[in-house]
Structure formats: C-alpha cells, structure tokens
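Asker: Structure incoming, see below.
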Number of protein chains: 2
Amino acid sequence: MQVAVLAHESFPDRAKTAVGLLRYGDHEVRALVDQEHAGDRVNNHLPDVQDAPIVASMADVPEVEALVIGIAPIGGAFDESWRPDVRAALERGCDVFSGLHDFLEDDEEFAALSAEHGGQLMDLRKPPEDLTVAGGTAGDVDATVVTTVGTDCSTGKMTASYELRDAARERGLDAAVVPTGQTGVAIEGWGIVVDRVISDYAAGAVERLVETPEGLDVLFVEGQGALTHPAYSGVTTSILHGSAPDALVLCHEAGREAVHGYESFAIPSPGTYADIYERLSGPVSGASVVAGALNTAGLDADAADAAVGAYSEAIDAPATDPVRDGVPEAMLEAIR
Amino acid sequence: MQVAVLAHESFPDRAKTAVGLLRYGDHEVRALVDQEHAGDRVNNHLPDVQDAPIVASMADVPEVEALVIGIAPIGGAFDESWRPDVRAALERGCDVFSGLHDFLEDDEEFAALSAEHGGQLMDLRKPPEDLTVAGGTAGDVDATVVTTVGTDCSTGKMTASYELRDAARERGLDAAVVPTGQTGVAIEGWGIVVDRVISDYAAGAVERLVETPEGLDVLFVEGQGALTHPAYSGVTTSILHGSAPDALVLCHEAGREAVHGYESFAIPSPGTYADIYERLSGPVSGASVVAGALNTAGLDADAADAAVGAYSEAIDAPATDPVRDGVPEAMLEAIR
C-alpha cells in the first residue's frame, strides 16, 4: 500500500508510529507530513529507515491510498491542528488509519466525508466486538512464543520484537510479530490494541492474537507497559498471561531509574524486575527471562558496551542493544 | 429501598449477588424470586441473613421499588428465562438493577418498557464515561487502605471485605467497603465494576474509587480475580496497583488446588502466593499480606480449625474464616 504519514511537530522523537512504519512496515511511505521539517527528507533525521520526502500538508502529497496518523500522544486525543490534513485526505478518497483513543468514525465531519468520498476510517484502537474471556489455551500454540516485556513504557518492546523477528528470519525461521499496540497494528494490518479492550477480555484478546498466525516457528509478542507501572500494569499482566509465553525478553532503557511521568515511583533493578516477571509468569506458563534488550540511544559507544555488559550480568542472560548492535547468535539460541 | 431479588434456579450457591444483598445490604428484600424454591423462606436455606419469602415470579412479589438481578453467571449473559420477570417489574414501574455484561438498556423491549412506565434500567457494570489513566495518587489517601486479594475467583474477597468492615465498625472505626464488582456496587449503590473498564483506565478507575470516601479511618477495597489467574489477572493487578494499599488480606478456599474452570492451572501454595502479591505490590505501594481469610465452608468444625491454623502458618500472618469465626482482635490490629 502507498501511504502518507502524519507527524506534525513530532518527528522523529515523539512520532513512534511514524518511525515504526518507516523502519519495519511493508507499506511504501510516499511522504511524511510535518510542517516543522517540510523540505527535508526522512533520512536527514533518521538515516537507517525507508526514505521519503517531508511535506508541509496533504496538498503536497503525491497519490496515495491512505493517510496514517503517525503520532501517539499520551491520552490518545485527536489534535485539532491535524484536522485540515485528515479532511484533505478524505476529500481525495483516501483511507485514514488512526491509533488514537478518540475514534475518527465518531467525528461527524470525518464520517460525512468518508461516506461521500469512499475513504474508510480505520480506527485501529477499536477492538473486535466478539471478544471473550481467555480460555487458558494459548499455551497450546505450536510456535515458540516469545513475549517482550519492559521495565517501563517506551523502553523498546516493539523495537526488540521487530529486530528479533528480522534476526530470526535471517536465520531461516518463519517468524512474525504479534502486534498489541496501535503502531504494531498499523505496521502489520492486523492485531488488537489491548489497552482499549475491557479488562475482563484483555487476556482473551491476546490469546486470540497468538492463536491467529499459522505454521510459524516463532512468534514475538509485543508487550505493553510494565509490571510495576502504577497505571498500566493491568495491560502488562493480561499480555503476560494471555500470550502464555515460552520465553521473555526484558527491555530496559539504560539509566532510567524512575517511571516516566510518575517520577515518584522507582523502577526496580533489572535483576529484581526479571524475577518479578518470572514469578508472575510461573504458575501460568513458566517463562523465564532468557534475553535482554537495552536501549542505549543516550550513550556513546563505549558507555553503551559497558551498559549492555552490566545489564546482561544483572539479568543473568545474553543482552544487546538491538538497534545499535543487532541480535547476536547467542541470544537467538537462548530464545529458541 | 424495598427490593425483590431474582435468583431462579441458582439460590443460594450460584446467586452471589442475591446472597450479598441479603447478608450485607441496607435494602429491605421483600421477596426472592426463584421458581425452584418457591414457598420456602430465605432462612430455610441461609439461616444467618435477612429473611424473606421465596416466590415463583414477579406476579407474587408485594410492592417494591426495584428488582435486582441476583445471579452473576460466568460470561455475564442475560438468560432469556428471566425475561418475563424483568418485563413484569418494568410494567409495574419498578427500576431494574443488573450487573450483567449484557446491558438491559440495549434491549429494545426493556428500553421501551422503561420509557413507557418510568422504571430505570440500572446497568451497574456500565463504567463512567470520564475515566482516565491513573495518576499514581491513591497512596496519598489519608485512610488506611486494605485490599482483599485472592488465590482464585470466588474465594471470599467480597465477604472478607464486609466482615472486616463490620468488625472495624464494632471497634469504633469509621470503615467502608470500596466496591469493585457488580455485587458490591449493588449493595453500596456506588462503585465501578472494574472488569468492564477498558484496560488503560482500570487502575485509574480504582484510584478514583479509593479517593471518593472522605473522613474515614479504614477502607476495605474488594479485590477481583487472582494474580496468576489465566484470564482475570489483569483486573487483579489494576486493583492491586490502582488502590495503592497499605496492607493486603489474602483470601483462599480451603483445599482448592486448581483454578476454578481452568483445572489444568495449579494454584500456588498460600505462602508462595502471598510472596507473589508482595513482590508485585512492592514497587508501587509496598503492601504486605498482614492477614488471611480462609473459606472453610466445605469442612467440619475441627477440620476448619486445623485448616485455619495451617493457613495462618503458611502465610505467616493471623488468619480466620470470617463467616464461621468472625474477625479476631489480633487480625484487626495487624491490619491497622
């Protein structure tokens, strides 16, 4: 699919969905819409992803099938400054993909434009209507199920899932990412945004996801939140138990010591955190933390190497920064 | 309020809401509607609760303001065999209270009868529309917050919460139950059914609940599910962290070794389970399991005493069967 990606005033650091699409998606991104960096190219800001021109508005976007909202603000509200571009896309008959809490289809203007011009409003966060409680059956999946878990939000769980998938594929395995958040769902074109599912059905939604792909060797389930996060731990637990993993990969950002946005809450040390995940996984699927992914983006090369080494020791498992250093063979062996 | 309670074919063992209302509610129950036991009285089946006649249908119910659906089936679906009684109640202008997943207000016939005769459809499981993510502020509540947690569903968390409340009140404390499930909400007339809240807001809903009562000494937060339950652990975690408790009371049914309805999943031993709760609570509010409630309904008196003793030793804290033996002073001291 040929798409444009909306990322006003947010690219690249606060446009997680846009960056994920550019790095891991199969879609052809024909333009990034960001008035702040209009005239630049994506690779001026992010060298190692699919390149595309950056334009100021939908008026400068060549022919595309869809506009994807590439920003995932805290709270998930629609920002009215995006309205002209969404309107323009719909007037051109494009589909619009959104992972926001505010559904596009509930907006009267967008619903009318969709009906008039034929473009679909794809609210990726809207869960299926036939979800149920988990049956406890995810453990029967034939594939090896690896769930990425974290010490906080935004520690690289989705990134680690994709880097592990790519490494597994390079070694000849049939591997896929099981998407549980709006970016993963936007990249894959399937999945369920678990944080939007009612609590009773959250584990059931994840169970359905891991039971969906057929004939694969390895599934990398994208985790969400963190197990001791004061707000999101319920989502984390539903994914941990609903996916019934065979193995866990613990994702952490080097140097982060307090929960982002909840600074009065300390993050337990990586070794302690791995232990908490294992104790909670134990009675349901008995998964251990077999590898670690450390985000060292804030460090220089030497400091990053030292941090990865210390992290590996702390969790007693192979570790890497998958973006900086790739996925070593030892880690893939540990996972299988 | 004068009410009738619907409990066809389910009283007393599978009518948790009905029994809770009879035991702990402030409402006057004027009749229990159960065709199986019509002609009996409630106290023929449950001696230690508010008494009421049991009748076959709404036609035999004296004047009441409301009909409460007193059954909470797994899955929460409306059973069509209840339709004639709900219809009859609405035709009399009564309100109808329901904790089912299926909302009465979405039923065309009931909505029309409500509009015509003026009785309200009270879907207790419907969450407020202005919920948000948790702010991490529940720990600032002045009252001592005690959350009841369990080793499985239906192990007596709500019962323990009410028995502890009553014991605290007898000792002169201002105490309340914070209801998180349909029965508690039906008894209290306020609260949020947390399993119906979208996962992202579940902890935020609980935070709002514990911040609602003012000027009290002790709050007993009704827990839900269990931390290693394959389907409901996300709800449990959201309550554990959203309520930011000062202390935990672990509720267990004597002899239960596998998760009810998920028999391939073993329940960890009580001591191990207490440890898992404490490890997960630690980084958020640091609560310990300070007391235990054991449901010994299936045992004779001697076996029950022995089981309570062994349970107390296993969790290294005072324990009781609060229904059989009340709440001893030592337990209340441990909680404060």
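In the structure tokens, chains take the letters A, B, ... in the order shown, each chain's residues start at 1, and ligands count up from 1 in the order shown.
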Would you kindly return, as an MDAnalysis selection string, each protein, DNA or RNA residue with an atom no farther than 12 Å from any atom of Ala160 in chain B, considering only C-alpha atoms and excluding same-chain residues fewer than 6 positions away?

Answerer: chainID B and resid 20 24 146:150 154 166:168 177 220:223 248:253 291:295 319:327 331

Asker: Please find the residues of chain A near chain B - the criterion being any atom within 8 Å, counting only C-alpha atoms - and write them as a PyMOL selection string.

Answerer: chain A and resi 75+132-136+194-204+227-238+241-242+262+265-268+276+279-281+283-284

Asker: Can you spit out the residues from that selection as a tab-separated table (two decimals), in the first residue's frame, using N, CA and C atoms?

Answerer:
```
chain	number	residue	atom	x	y	z
A	75	GLY	N	-2.58	9.90	26.33
A	75	GLY	CA	-4.01	10.17	26.42
A	75	GLY	C	-4.74	9.85	25.13
A	132	THR	N	-13.98	-12.44	24.11
A	132	THR	CA	-14.48	-13.19	25.28
A	132	THR	C	-13.37	-13.29	26.32
A	133	VAL	N	-13.68	-13.90	27.46
A	133	VAL	CA	-12.64	-14.17	28.44
A	133	VAL	C	-11.69	-15.22	27.88
A	134	ALA	N	-10.45	-15.20	28.36
A	134	ALA	CA	-9.46	-16.18	27.91
A	134	ALA	C	-9.88	-17.58	28.32
A	135	GLY	N	-9.56	-18.55	27.47
A	135	GLY	CA	-9.84	-19.94	27.81
A	135	GLY	C	-8.64	-20.65	28.43
A	136	GLY	N	-7.51	-19.96	28.49
A	136	GLY	CA	-6.29	-20.60	29.01
A	136	GLY	C	-5.63	-21.52	28.01
A	194	VAL	N	-4.57	-3.77	22.85
A	194	VAL	CA	-5.06	-4.42	24.07
A	194	VAL	C	-5.47	-3.42	25.13
A	195	ASP	N	-4.82	-2.26	25.18
A	195	ASP	CA	-5.17	-1.31	26.25
A	195	ASP	C	-6.58	-0.74	26.08
A	196	ARG	N	-7.18	-0.96	24.92
A	196	ARG	CA	-8.53	-0.47	24.64
A	196	ARG	C	-9.60	-1.55	24.91
A	197	VAL	N	-9.18	-2.76	25.21
A	197	VAL	CA	-10.11	-3.87	25.45
A	197	VAL	C	-10.58	-3.81	26.90
A	198	ILE	N	-11.84	-4.13	27.19
A	198	ILE	CA	-12.28	-4.13	28.58
A	198	ILE	C	-11.48	-5.19	29.34
A	199	SER	N	-11.21	-4.87	30.60
A	199	SER	CA	-10.26	-5.66	31.39
A	199	SER	C	-10.58	-7.15	31.39
A	200	ASP	N	-11.85	-7.49	31.48
A	200	ASP	CA	-12.25	-8.89	31.55
A	200	ASP	C	-11.81	-9.69	30.32
A	201	TYR	N	-11.71	-9.02	29.18
A	201	TYR	CA	-11.41	-9.71	27.92
A	201	TYR	C	-9.98	-9.49	27.44
A	202	ALA	N	-9.17	-8.75	28.19
A	202	ALA	CA	-7.84	-8.37	27.68
A	202	ALA	C	-6.97	-9.60	27.44
A	203	ALA	N	-6.92	-10.52	28.40
A	203	ALA	CA	-6.12	-11.73	28.19
A	203	ALA	C	-6.72	-12.57	27.06
A	204	GLY	N	-8.04	-12.59	26.96
A	204	GLY	CA	-8.69	-13.32	25.87
A	204	GLY	C	-8.34	-12.75	24.50
A	227	LEU	N	5.25	-4.18	34.52
A	227	LEU	CA	4.53	-4.94	35.54
A	227	LEU	C	4.36	-4.18	36.85
A	228	THR	N	5.22	-3.20	37.12
A	228	THR	CA	5.02	-2.41	38.34
A	228	THR	C	4.73	-0.95	37.98
A	229	HIS	N	4.18	-0.72	36.81
A	229	HIS	CA	3.77	0.63	36.42
A	229	HIS	C	2.46	0.97	37.14
A	230	PRO	N	2.39	2.15	37.79
A	230	PRO	CA	1.19	2.46	38.60
A	230	PRO	C	-0.10	2.56	37.78
A	231	ALA	N	-0.02	2.76	36.48
A	231	ALA	CA	-1.24	2.93	35.69
A	231	ALA	C	-1.49	1.79	34.71
A	232	TYR	N	-0.44	1.20	34.15
A	232	TYR	CA	-0.62	0.29	33.00
A	232	TYR	C	-0.34	-1.18	33.31
A	233	SER	N	-0.08	-1.51	34.57
A	233	SER	CA	0.34	-2.88	34.89
A	233	SER	C	-0.72	-3.92	34.57
A	234	GLY	N	-1.98	-3.52	34.56
A	234	GLY	CA	-3.03	-4.48	34.22
A	234	GLY	C	-2.93	-4.96	32.78
A	235	VAL	N	-2.62	-4.04	31.88
A	235	VAL	CA	-2.42	-4.39	30.48
A	235	VAL	C	-1.24	-5.35	30.35
A	236	THR	N	-0.15	-5.01	31.04
A	236	THR	CA	1.06	-5.84	31.00
A	236	THR	C	0.75	-7.27	31.45
A	237	THR	N	0.03	-7.39	32.56
A	237	THR	CA	-0.28	-8.70	33.11
A	237	THR	C	-1.17	-9.49	32.16
A	238	SER	N	-2.14	-8.82	31.54
A	238	SER	CA	-3.03	-9.52	30.60
A	238	SER	C	-2.25	-10.07	29.42
A	241	HIS	N	0.02	-13.15	30.69
A	241	HIS	CA	-0.70	-14.41	30.89
A	241	HIS	C	-1.48	-14.83	29.65
A	242	GLY	N	-2.05	-13.86	28.93
A	242	GLY	CA	-2.83	-14.22	27.74
A	242	GLY	C	-1.99	-14.81	26.62
A	262	TYR	N	5.81	9.38	36.13
A	262	TYR	CA	5.41	9.01	37.51
A	262	TYR	C	6.70	8.94	38.32
A	265	PHE	N	7.83	7.07	41.54
A	265	PHE	CA	7.89	5.60	41.59
A	265	PHE	C	9.21	5.12	41.00
A	266	ALA	N	10.04	4.50	41.84
A	266	ALA	CA	11.32	3.97	41.38
A	266	ALA	C	11.09	2.69	40.56
A	267	ILE	N	11.93	2.48	39.56
A	267	ILE	CA	11.91	1.24	38.79
A	267	ILE	C	12.84	0.25	39.50
A	268	PRO	N	12.36	-0.95	39.84
A	268	PRO	CA	13.25	-1.94	40.45
A	268	PRO	C	14.46	-2.21	39.55
A	276	ILE	N	10.52	-10.61	39.20
A	276	ILE	CA	9.08	-10.37	39.37
A	276	ILE	C	8.32	-10.93	38.17
A	279	ARG	N	8.22	-14.74	38.46
A	279	ARG	CA	7.33	-15.25	39.50
A	279	ARG	C	5.87	-15.15	39.08
A	280	LEU	N	5.53	-14.09	38.35
A	280	LEU	CA	4.15	-13.94	37.93
A	280	LEU	C	3.83	-14.85	36.73
A	281	SER	N	4.80	-15.07	35.88
A	281	SER	CA	4.57	-15.97	34.74
A	281	SER	C	4.49	-17.42	35.19
A	283	PRO	N	3.17	-19.65	37.39
A	283	PRO	CA	2.01	-20.55	37.51
A	283	PRO	C	1.17	-20.65	36.23
A	284	VAL	N	1.35	-19.72	35.29
A	284	VAL	CA	0.54	-19.78	34.06
A	284	VAL	C	1.30	-20.43	32.91
```

Asker: Set the distance at 8 Å and use only C-alpha atoms: which residues neighbour Val86 in chain A once local chain neighbours fewer than 5 positions away are removed? I'd like the list as a VMD selection string.

Answerer: chain A and resid 67 96 110

Asker: List every residue of range 14-92 of chain B that DSSP, applied to the backbone of this structure, places in helix (DSSP H, G or I), and write the result as a PyMOL selection string.

Answerer: chain B and resi 16-24+35-37+42-45+58-60+80-91

Asker: Enter the distance from CA of Glu108 in chain B to CA of Arg83 in chain B, in Å, rounded to one decimal.

Answerer: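 The value is 12.2 Å.
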
Asker: Using only C-alpha atoms, which protein or nucleic acid residues come within 8 Å of Phe78 in chain A? Drop anything in the same chain fewer than 5 positions from it, and give the result as a short mmCIF file (atom, residue, chain, number, x, y, z; two decimals) with C-alpha atoms, in the first residue's frame.

Answerer:
```
data_model
loop_
_atom_site.label_atom_id
_atom_site.label_comp_id
_atom_site.auth_asym_id
_atom_site.auth_seq_id
_atom_site.Cartn_x
_atom_site.Cartn_y
_atom_site.Cartn_z
CA LEU A 100 -5.98 7.33 18.79
CA HIS A 101 -8.37 6.82 21.71
CA ASP A 102 -10.70 9.35 20.05
#
```

Asker: Distance CA of Leu121 in chain A-CA of Ile69 in chain A, one decimal place?

Answerer: 11.4 Å

Asker: Choose the residue, out of A:Leu46, A:Val218, A:Val210, A:Val68, that has the smallest atom-to-atom separation from Leu173 in chain A; count only C-alpha atoms.

Answerer: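 Going through A:Leu46, A:Val218, A:Val210, A:Val68 one by one, the smallest distance to Leu173 in chain A is for A:Val218.
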
Asker: May I ask for the distance between CA of Ala7 in chain A and CA of Ile192 in chain A, given in Å to one decimal place?

Answerer: 22.5 Å
